[in-house]
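**Q** For reference, the file upload_9.tsv (TSV, C-alpha atoms) is included below:
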chain	number	residue	atom	x	y	z
A	168	MET	CA	2.21	7.75	-59.80
A	169	ALA	CA	1.08	5.66	-56.80
A	170	ILE	CA	1.99	6.97	-53.40
A	171	ALA	CA	4.13	4.59	-51.39
A	172	PRO	CA	2.52	3.32	-48.17
A	173	ILE	CA	3.35	5.46	-45.18
A	174	THR	CA	4.83	3.11	-42.61
A	175	GLY	CA	6.80	3.37	-39.38
A	176	LYS	CA	5.43	6.80	-38.43
A	177	LEU	CA	4.03	5.54	-35.12
A	178	ARG	CA	7.09	3.45	-34.32
A	179	LYS	CA	9.45	6.39	-34.85
A	180	ARG	CA	8.02	8.24	-31.87
A	181	LEU	CA	6.69	5.29	-29.91
A	182	TRP	CA	9.47	4.95	-27.33
A	183	LEU	CA	9.68	8.71	-26.83
A	184	ASP	CA	5.90	8.93	-26.32
A	185	VAL	CA	5.69	5.90	-24.04
A	186	GLY	CA	8.72	7.09	-22.05
A	187	CYS	CA	7.43	10.64	-21.64
A	188	ALA	CA	3.87	9.57	-20.80
A	189	PHE	CA	4.88	6.97	-18.19
A	190	GLY	CA	7.73	9.11	-16.87
A	191	LEU	CA	5.48	12.09	-16.28
A	192	GLY	CA	2.60	9.90	-15.11
A	193	VAL	CA	4.63	7.93	-12.56
A	194	SER	CA	6.37	11.13	-11.33
A	195	ALA	CA	3.02	12.87	-10.84
A	196	ALA	CA	1.57	9.78	-9.16
A	197	TYR	CA	4.49	9.54	-6.71
A	198	ALA	CA	4.23	13.28	-6.04
A	199	TYR	CA	0.56	12.71	-5.15
A	200	TRP	CA	1.43	9.64	-3.03
A	201	TYR	CA	4.23	11.25	-1.01
A	202	GLY	CA	2.99	14.84	-1.16
A	203	TYR	CA	-0.64	14.20	-0.30
A	204	HIS	CA	-1.58	10.67	0.72
A	205	LEU	CA	1.28	9.78	3.09
A	206	LYS	CA	1.24	13.31	4.56
A	207	ALA	CA	-2.48	13.02	5.32
A	208	LEU	CA	-1.92	9.57	6.85
A	209	GLU	CA	0.97	10.89	8.96
A	210	HIS	CA	-1.22	13.79	10.11
A	211	GLN	CA	-3.89	11.33	11.19
A	212	GLU	CA	-1.36	9.07	12.93
A	213	GLN	CA	0.03	12.04	14.86
A	214	PHE	CA	-3.49	12.88	16.03
A	215	TYR	CA	-4.07	9.37	17.38
A	216	VAL	CA	-0.63	9.29	19.06
A	217	LYS	CA	-1.52	12.59	20.77
A	218	LEU	CA	-4.90	11.17	21.76
A	219	GLU	CA	-3.30	8.04	23.21
A	220	ARG	CA	-0.83	10.17	25.20
A	221	GLU	CA	-3.68	12.24	26.61
A	222	ARG	CA	-5.59	9.10	27.56
A	223	ALA	CA	-2.52	7.63	29.26
A	224	ALA	CA	-1.99	10.89	31.16
A	225	ALA	CA	-5.64	10.93	32.24
A	226	ARG	CA	-5.37	7.33	33.52
A	227	GLN	CA	-2.39	8.18	35.75
B	62	MET	CA	-13.05	33.84	-1.24
B	63	LEU	CA	-12.25	32.01	2.00
B	64	GLN	CA	-14.63	29.27	0.95
B	65	PHE	CA	-12.77	28.94	-2.33
B	66	LEU	CA	-9.44	28.67	-0.50
B	67	SER	CA	-10.87	25.99	1.78
B	68	LEU	CA	-11.16	23.73	-1.29
B	69	PHE	CA	-7.44	23.10	-0.97
B	70	ASN	CA	-7.37	22.60	2.78
B	71	THR	CA	-7.92	19.45	4.76
B	72	ILE	CA	-11.35	19.28	6.30
B	73	PHE	CA	-11.12	19.02	10.08
B	74	ASN	CA	-14.80	18.59	10.73
B	75	ASP	CA	-16.95	15.50	10.99
B	76	ALA	CA	-19.70	17.04	8.94
B	77	PRO	CA	-19.75	18.10	5.29
B	78	GLN	CA	-18.57	21.63	4.49
B	79	PRO	CA	-19.70	24.02	1.77
B	80	TRP	CA	-17.87	23.30	-1.49
B	81	GLN	CA	-16.13	20.29	0.01
B	82	LEU	CA	-14.37	18.08	-2.52
B	83	GLY	CA	-12.40	15.59	-0.43
B	84	PHE	CA	-13.40	13.06	2.18
B	85	GLN	CA	-14.31	13.89	5.73
B	86	ASP	CA	-11.76	12.92	8.39
B	87	SER	CA	-11.84	9.25	9.17
B	88	ALA	CA	-12.96	8.11	12.61
B	89	ALA	CA	-13.10	4.37	11.98
B	90	PRO	CA	-10.55	1.83	10.67
B	91	GLY	CA	-12.95	0.80	7.91
B	92	PHE	CA	-13.12	4.32	6.50
B	93	THR	CA	-9.32	4.71	6.74
B	94	GLY	CA	-9.13	1.56	4.59
B	95	ILE	CA	-11.57	3.04	2.08
B	96	VAL	CA	-9.57	6.28	1.83
B	97	THR	CA	-6.31	4.34	1.39
B	98	LEU	CA	-7.88	2.21	-1.36
B	99	HIS	CA	-9.23	5.35	-3.03
B	100	ASN	CA	-5.79	6.97	-2.96
B	101	THR	CA	-4.09	3.78	-4.20
B	102	ILE	CA	-6.47	3.70	-7.17
B	103	GLY	CA	-5.81	7.45	-7.56
B	104	PHE	CA	-2.13	6.58	-8.10
B	105	TYR	CA	-3.01	4.33	-11.05
B	106	LEU	CA	-5.51	6.92	-12.27
B	107	ILE	CA	-2.86	9.63	-12.51
B	108	VAL	CA	-0.51	7.38	-14.52
B	109	ILE	CA	-3.36	6.38	-16.87
B	110	CYS	CA	-4.52	10.00	-17.30
B	111	PHE	CA	-1.02	11.17	-18.22
B	112	SER	CA	-0.57	8.28	-20.68
B	113	VAL	CA	-3.93	8.76	-22.39
B	114	PHE	CA	-3.65	12.54	-22.66
B	115	TRP	CA	-0.05	12.38	-23.85
B	116	ALA	CA	-1.01	9.85	-26.56
B	117	LEU	CA	-4.06	11.91	-27.51
B	118	PHE	CA	-2.20	15.20	-27.89
B	119	SER	CA	0.75	13.51	-29.61
B	120	ILE	CA	-1.56	11.94	-32.20
B	121	ILE	CA	-3.50	15.17	-32.71
B	122	TYR	CA	-0.25	17.10	-33.18
B	123	TYR	CA	1.67	14.70	-35.44
B	124	TYR	CA	-1.17	13.11	-37.38
B	125	ASN	CA	-3.46	16.03	-38.15
B	126	THR	CA	-4.70	16.56	-41.71
B	127	ASN	CA	-2.27	19.41	-42.39
B	128	LYS	CA	0.78	17.26	-41.70
B	129	ASN	CA	-0.59	13.95	-42.98
B	130	PRO	CA	-3.32	14.49	-45.56
B	131	ILE	CA	-3.78	10.80	-46.34
B	132	ALA	CA	-2.48	9.15	-43.15
B	133	HIS	CA	-5.93	7.70	-42.36
B	134	LYS	CA	-5.74	5.57	-45.49
B	135	TYR	CA	-3.07	3.34	-43.95
B	136	LEU	CA	-4.08	3.61	-40.28
B	137	THR	CA	-7.08	1.29	-40.37
B	138	HIS	CA	-5.68	-1.77	-38.70
B	139	GLY	CA	-3.11	-2.57	-36.01
B	140	THR	CA	-3.31	-5.95	-34.30
B	141	VAL	CA	-0.41	-5.35	-31.90
B	142	VAL	CA	-1.63	-2.00	-30.67
B	143	GLU	CA	-5.17	-3.40	-30.25
B	144	LEU	CA	-3.84	-6.28	-28.18
B	145	VAL	CA	-1.83	-3.88	-26.03
B	146	TRP	CA	-4.75	-1.55	-25.32
B	147	THR	CA	-7.03	-4.48	-24.46
B	148	ILE	CA	-4.71	-6.54	-22.24
B	149	THR	CA	-3.12	-3.60	-20.33
B	150	PRO	CA	-6.44	-2.26	-18.91
B	151	ALA	CA	-7.43	-5.83	-17.98
B	152	LEU	CA	-4.20	-6.24	-15.97
B	153	ILE	CA	-4.70	-2.83	-14.31
B	154	LEU	CA	-8.28	-3.82	-13.36
B	155	ILE	CA	-7.01	-7.07	-11.81
B	156	ALA	CA	-4.37	-5.11	-9.85
B	157	ILE	CA	-7.12	-2.82	-8.51
B	158	ALA	CA	-9.60	-5.66	-7.84
B	159	PHE	CA	-7.44	-7.54	-5.31
B	160	PRO	CA	-7.07	-4.78	-2.68
B	161	SER	CA	-10.70	-3.84	-3.29
B	162	PHE	CA	-12.00	-7.38	-2.56
B	163	ARG	CA	-9.68	-7.67	0.44
B	164	LEU	CA	-11.16	-4.52	1.99
B	165	LEU	CA	-14.71	-5.54	1.06
B	166	TYR	CA	-14.43	-8.90	2.84
B	167	LEU	CA	-12.60	-7.37	5.82
B	168	MET	CA	-15.39	-4.82	6.29
B	169	ASP	CA	-18.02	-7.52	5.95
B	170	GLU	CA	-16.64	-9.33	9.00
B	171	VAL	CA	-18.67	-8.79	12.18
B	172	ILE	CA	-16.20	-9.19	15.07
B	173	SER	CA	-17.84	-10.27	18.37
B	174	PRO	CA	-19.77	-7.03	19.01
B	175	THR	CA	-19.94	-5.34	22.41
B	176	LEU	CA	-23.12	-3.57	21.48
B	177	THR	CA	-25.86	-4.19	18.93
B	178	ILE	CA	-27.93	-1.31	17.63
B	179	LYS	CA	-30.91	-1.58	15.31
B	180	ALA	CA	-31.64	1.43	13.12
B	181	VAL	CA	-35.01	1.59	11.38
B	182	GLY	CA	-35.65	4.05	8.57
B	183	HIS	CA	-39.08	5.69	8.47
B	184	GLN	CA	-40.62	8.35	6.25
B	185	TRP	CA	-38.89	10.63	7.38
B	186	TYR	CA	-36.90	9.93	10.51
B	187	TRP	CA	-34.72	7.23	12.02
B	188	SER	CA	-35.58	5.17	15.06
B	189	TYR	CA	-33.09	3.18	17.12
B	190	GLU	CA	-33.42	0.11	19.28
B	191	LEU	CA	-30.75	-0.92	21.79
B	192	SER	CA	-30.46	-3.88	24.14
B	193	ASP	CA	-32.77	-6.12	22.11
B	194	GLY	CA	-35.49	-3.51	21.86
B	195	CYS	CA	-35.63	-2.65	25.61
B	196	TYR	CA	-34.56	0.88	24.84
B	197	ARG	CA	-36.09	2.60	21.82
B	198	PHE	CA	-36.13	6.20	20.62
B	199	ASP	CA	-36.83	8.26	17.51
B	200	SER	CA	-34.41	10.72	15.95
B	201	TYR	CA	-35.90	13.66	14.05
B	202	MET	CA	-34.12	16.50	12.30
B	203	LEU	CA	-34.01	19.75	14.27
B	204	PRO	CA	-36.07	22.45	12.54
B	205	GLU	CA	-34.19	25.63	11.68
B	206	SER	CA	-36.12	27.58	14.33
B	207	ASP	CA	-34.76	25.30	17.09
B	208	LEU	CA	-31.10	25.44	16.07
B	209	GLU	CA	-28.62	26.75	18.60
B	210	LEU	CA	-25.26	28.33	17.85
B	211	GLY	CA	-22.87	25.73	16.46
B	212	GLN	CA	-25.54	23.26	15.40
B	213	PHE	CA	-25.76	22.20	11.78
B	214	ARG	CA	-28.75	23.05	9.63
B	215	LEU	CA	-30.33	19.92	8.08
B	216	LEU	CA	-27.87	17.70	9.99
B	217	ASP	CA	-28.55	18.01	13.70
B	218	VAL	CA	-31.21	15.87	15.33
B	219	ASP	CA	-33.22	15.97	18.54
B	220	ASN	CA	-31.96	12.59	19.81
B	221	LYS	CA	-28.45	11.59	18.79
B	222	LEU	CA	-27.35	7.98	18.81
B	223	ILE	CA	-24.74	7.65	21.57
B	224	VAL	CA	-22.05	5.00	21.11
B	225	PRO	CA	-18.87	4.16	23.04
B	226	VAL	CA	-15.44	4.56	21.43
B	227	ASP	CA	-13.05	1.64	20.89
B	228	CYS	CA	-15.84	-0.94	21.01
B	229	HIS	CA	-16.97	-3.18	18.18
B	230	ILE	CA	-20.53	-2.18	17.41
B	231	ARG	CA	-22.93	-4.18	15.28
B	232	LEU	CA	-25.44	-2.09	13.41
B	233	ILE	CA	-28.56	-3.75	12.06
B	234	VAL	CA	-30.46	-1.63	9.56
B	235	THR	CA	-33.93	-2.06	8.16
B	236	GLY	CA	-36.73	0.04	6.70
B	237	ALA	CA	-40.28	0.40	8.02
B	238	ASP	CA	-41.95	1.68	4.87
B	239	VAL	CA	-39.75	2.29	1.83
B	240	ILE	CA	-36.04	1.78	1.10
B	241	HIS	CA	-33.77	4.21	2.95
B	242	SER	CA	-29.99	4.17	3.28
B	243	TYR	CA	-28.03	4.68	6.48
B	244	ALA	CA	-24.89	6.63	5.59
B	245	VAL	CA	-22.28	8.22	7.87
B	246	PRO	CA	-19.16	9.11	5.84
B	247	SER	CA	-16.69	9.59	8.74
B	248	LEU	CA	-17.40	6.06	9.96
B	249	GLY	CA	-17.46	4.53	6.49
B	250	LEU	CA	-21.08	3.45	6.86
B	251	LYS	CA	-23.50	3.13	3.98
B	252	LEU	CA	-26.12	0.47	4.33
B	253	ASP	CA	-29.47	0.10	2.62
B	254	ALA	CA	-32.49	0.00	4.94
B	255	VAL	CA	-34.80	-2.38	3.11
B	256	PRO	CA	-38.26	-3.24	4.51
B	257	GLY	CA	-38.47	-6.91	5.49
B	258	ARG	CA	-34.73	-7.38	5.44
B	259	LEU	CA	-32.02	-6.91	8.07
B	260	ASN	CA	-28.65	-5.66	6.83
B	261	GLN	CA	-25.78	-5.67	9.26
B	262	VAL	CA	-22.39	-4.01	9.49
B	263	SER	CA	-19.71	-3.78	12.14
B	264	PHE	CA	-17.85	-0.60	13.01
B	265	LEU	CA	-15.51	0.78	15.61
B	266	VAL	CA	-15.25	4.47	16.47
B	267	GLU	CA	-11.66	5.51	17.22
B	268	ARG	CA	-12.24	8.91	18.76
B	269	THR	CA	-14.90	10.89	20.54
B	270	GLY	CA	-16.97	13.38	18.59
B	271	THR	CA	-20.22	13.83	16.72
B	272	PHE	CA	-20.49	12.32	13.29
B	273	TYR	CA	-23.14	13.33	10.82
B	274	GLY	CA	-24.76	11.50	7.95
B	275	GLN	CA	-27.87	11.53	5.83
B	276	CYS	CA	-30.30	9.15	4.22
B	277	SER	CA	-28.72	8.18	0.91
B	278	GLU	CA	-31.60	6.58	-0.93
B	279	ILE	CA	-34.37	8.72	-2.39
B	280	CYS	CA	-37.25	7.82	-0.08
B	281	GLY	CA	-39.88	10.45	-0.69
B	282	VAL	CA	-40.58	14.12	-0.46
B	283	TRP	CA	-38.60	14.72	2.78
B	284	HIS	CA	-35.71	12.43	1.95
B	285	GLY	CA	-33.28	15.29	2.51
B	286	PHE	CA	-34.65	15.98	5.99
B	287	MET	CA	-33.89	12.77	7.87
B	288	PRO	CA	-30.26	13.19	8.95
B	289	ILE	CA	-28.23	10.90	11.19
B	290	ALA	CA	-26.12	12.10	14.11
B	291	ILE	CA	-23.92	9.72	16.08
B	292	GLU	CA	-22.15	10.92	19.19
B	293	ALA	CA	-19.16	8.85	20.27
B	294	VAL	CA	-18.29	9.10	23.96
B	295	SER	CA	-15.74	7.33	26.15
B	296	THR	CA	-16.81	3.95	27.53
B	297	PRO	CA	-17.13	5.12	31.20
B	298	GLN	CA	-19.24	8.08	30.05
B	299	PHE	CA	-21.38	5.74	27.96
B	300	LEU	CA	-21.98	3.47	30.96
B	301	ILE	CA	-22.95	6.45	33.12
B	302	MET	CA	-25.38	7.67	30.44
B	303	GLY	CA	-26.80	4.13	30.14
B	304	ARG	CA	-28.00	4.24	33.73
Would you give me this structure, written as structure tokens?

**A**
Amino acid sequence: MAIAPITGKLRKRLWLDVGCAFGLGVSAAYAYWYGYHLKALEHQEQFYVKLERERAAARQ
Amino acid sequence: MLQFLSLFNTIFNDAPQPWQLGFQDSAAPGFTGIVTLHNTIGFYLIVICFSVFWALFSIIYYYNTNKNPIAHKYLTHGTVVELVWTITPALILIAIAFPSFRLLYLMDEVISPTLTIKAVGHQWYWSYELSDGCYRFDSYMLPESDLELGQFRLLDVDNKLIVPVDCHIRLIVTGADVIHSYAVPSLGLKLDAVPGRLNQVSFLVERTGTFYGQCSEICGVWHGFMPIAIEAVSTPQFLIMGR
């Protein structure tokens, strides 16, 4: 007896897989953006603000 | 152990550290732009990595030979999925290309420079010319025997290039013998020094300090022993030193 074609196996889990992959991916990416990148940028900004204050104080 | 822990810390030096993975601290707007672009692309990279690995493990788990002994027989063709995995990366590449080109052209701009410096790569040292060649000096690596406490092995030089902070500086780079490459990570500089050709770049140092770099083009047996050291000083101090 011929085996019936196996269809729809990918589609059954497609939305779950796409949702989980992008959900986790975007969450991890935002964690990296806010937890690392913006923090590092803020740290650098603070340094230059401090430097500018010191320069202004030295000028006075 | 402490070195291992330092992998996860921010580097606060303007020279490379043992086992360093990340960038050095930026001291020029151009390099801040490069780091921001790198981190922006990193954002996309994380999303792509999660998607690819999720799909990979999902397929391995649900479509292995134990669960689907003949699945491969019917999984030979899929026009829609092929279109999706061709067009999506193309769109992502376009999204990455625009900020990349923007930064590339911004960094290429030479804004009316206050100072022009010519750096010439030799086998195996750098020489500098300032004020249209009126002032010229060579910069050799300090041998280990001459190092003082706090100086960097293979990075410190006998004559550092002194530049003022907050001034637009034009750097013209060429080679005297073979191709070298003038690279200072903290300032976002990497420029090939090609004999018979002048390459130029503009940079601005935002803070005082000493910034280290190395030749980044294999140029012979002592390629690893022709470092670059740039000392950024305040403008009044630079003018005093110039006298």

**Q** Pick the closest to chain A from B:Trp115, B:Phe299, B:Tyr124, B:Trp146: which is it, counting all atoms listed in the file?

**A** B:Trp115

**Q** With a cut-off of 6 Å, could you pull out the residues of chain A touching chain B and give me the nearest pair of atoms for each, distance in Å to one decimal, using all atoms listed in the file, ordered by chain and ascending number, as CSV?

**A**
residue,atom,partner,partner_atom,distance
A:Ala188,CA,B:Ser112,CA,4.6
A:Gly192,CA,B:Val108,CA,4.0
A:Val193,CA,B:Val108,CA,5.5
A:Ala196,CA,B:Phe104,CA,5.0

**Q** Generate the output file for the selected residues, C-alpha atoms, as a PDB file, keeping the file's coordinate frame.

**A**
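The file below, result.pdb, is the result:
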ATOM      1  CA  ALA A 188       3.870   9.570 -20.800  1.00  0.00           C
ATOM      2  CA  GLY A 192       2.600   9.900 -15.110  1.00  0.00           C
ATOM      3  CA  VAL A 193       4.630   7.930 -12.560  1.00  0.00           C
ATOM      4  CA  ALA A 196       1.570   9.780  -9.160  1.00  0.00           C
TER       5      ALA A 196
END

**Q** Tell me, in Å to one decimal, how far atom CA of B:Ile95 is from atom CA of B:Phe162.

**A**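 Going from atom CA of B:Ile95 over to atom CA of B:Phe162 covers 11.4 Å.
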
**Q** Name the closest residue to B:Val262 among the candidates B:Cys276, B:Val282, B:Ile172, B:Leu216; distances are taken between atoms, counting all atoms listed in the file.

**A**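 Residue with the minimum atom-to-atom distance to B:Val262: B:Ile172.
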
**Q** If I take atom CA of B:Gln184 and atom CA of B:Gly285, how far is one from the other in Å, to one decimal?

**A**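 Distance reported for this atom pair: 10.8 Å.
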
**Q** Around stretch 104-118 of chain B, with edges along x, y and z and 4 Å added on all six sides, what centre and edge lengths do you get, in Å to one decimal, as AutoDock Vina command-line options?

**A**
--center_x -2.8 --center_y 9.8 --center_z -18.0 --size_x 13.5 --size_y 18.9 --size_z 27.8

**Q** In Å, with one decimal, what is the gap from atom CA of B:Asp169 to atom CA of B:Ser295?

**A** 25.2 Å

**Q** At a cut-off of 12 Å, using only C-alpha atoms, what residues contact B:His241? Leave out same-chain residues fewer than 2 positions from it and give the result as a PyMOL selection string.

**A** chain B and resi 180-187+234-239+243-244+251-256+258+260+275-281+283-285+287-289

**Q** Please work out which residues fall within 12 Å of (-2.6, 8.1, 5.1), coordinates as given in the file, with only C-alpha atoms counting, and return them as an MDAnalysis selection string.

**A** (chainID A and resid 199:214) or (chainID B and resid 86:87 90 92:101)

**Q** Near stretch 197-201 of chain B, counting all atoms listed in the file, which residues have an atom at most 7 Å away, once you skip same-chain residues fewer than 3 positions from it, shown as a list of chain:residue names?

**A**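 Everything that qualifies: B:Tyr186, B:Trp187, B:Ser188, B:Tyr189, B:Glu190, B:Leu191, B:Gly194, B:Val218, B:Asp219, B:Asn220, B:Lys221, B:Met287.
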
**Q** Do a neighbour search on B:Phe272 at 8 Å with only C-alpha atoms, toss out local chain neighbours closer than 3 positions, and write the hits as a list in words.

**A**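 That gives Asp75, Ala76, Val245, Ser247, Leu248, Ala290, Ile291, Glu292 and Ala293 of chain B.
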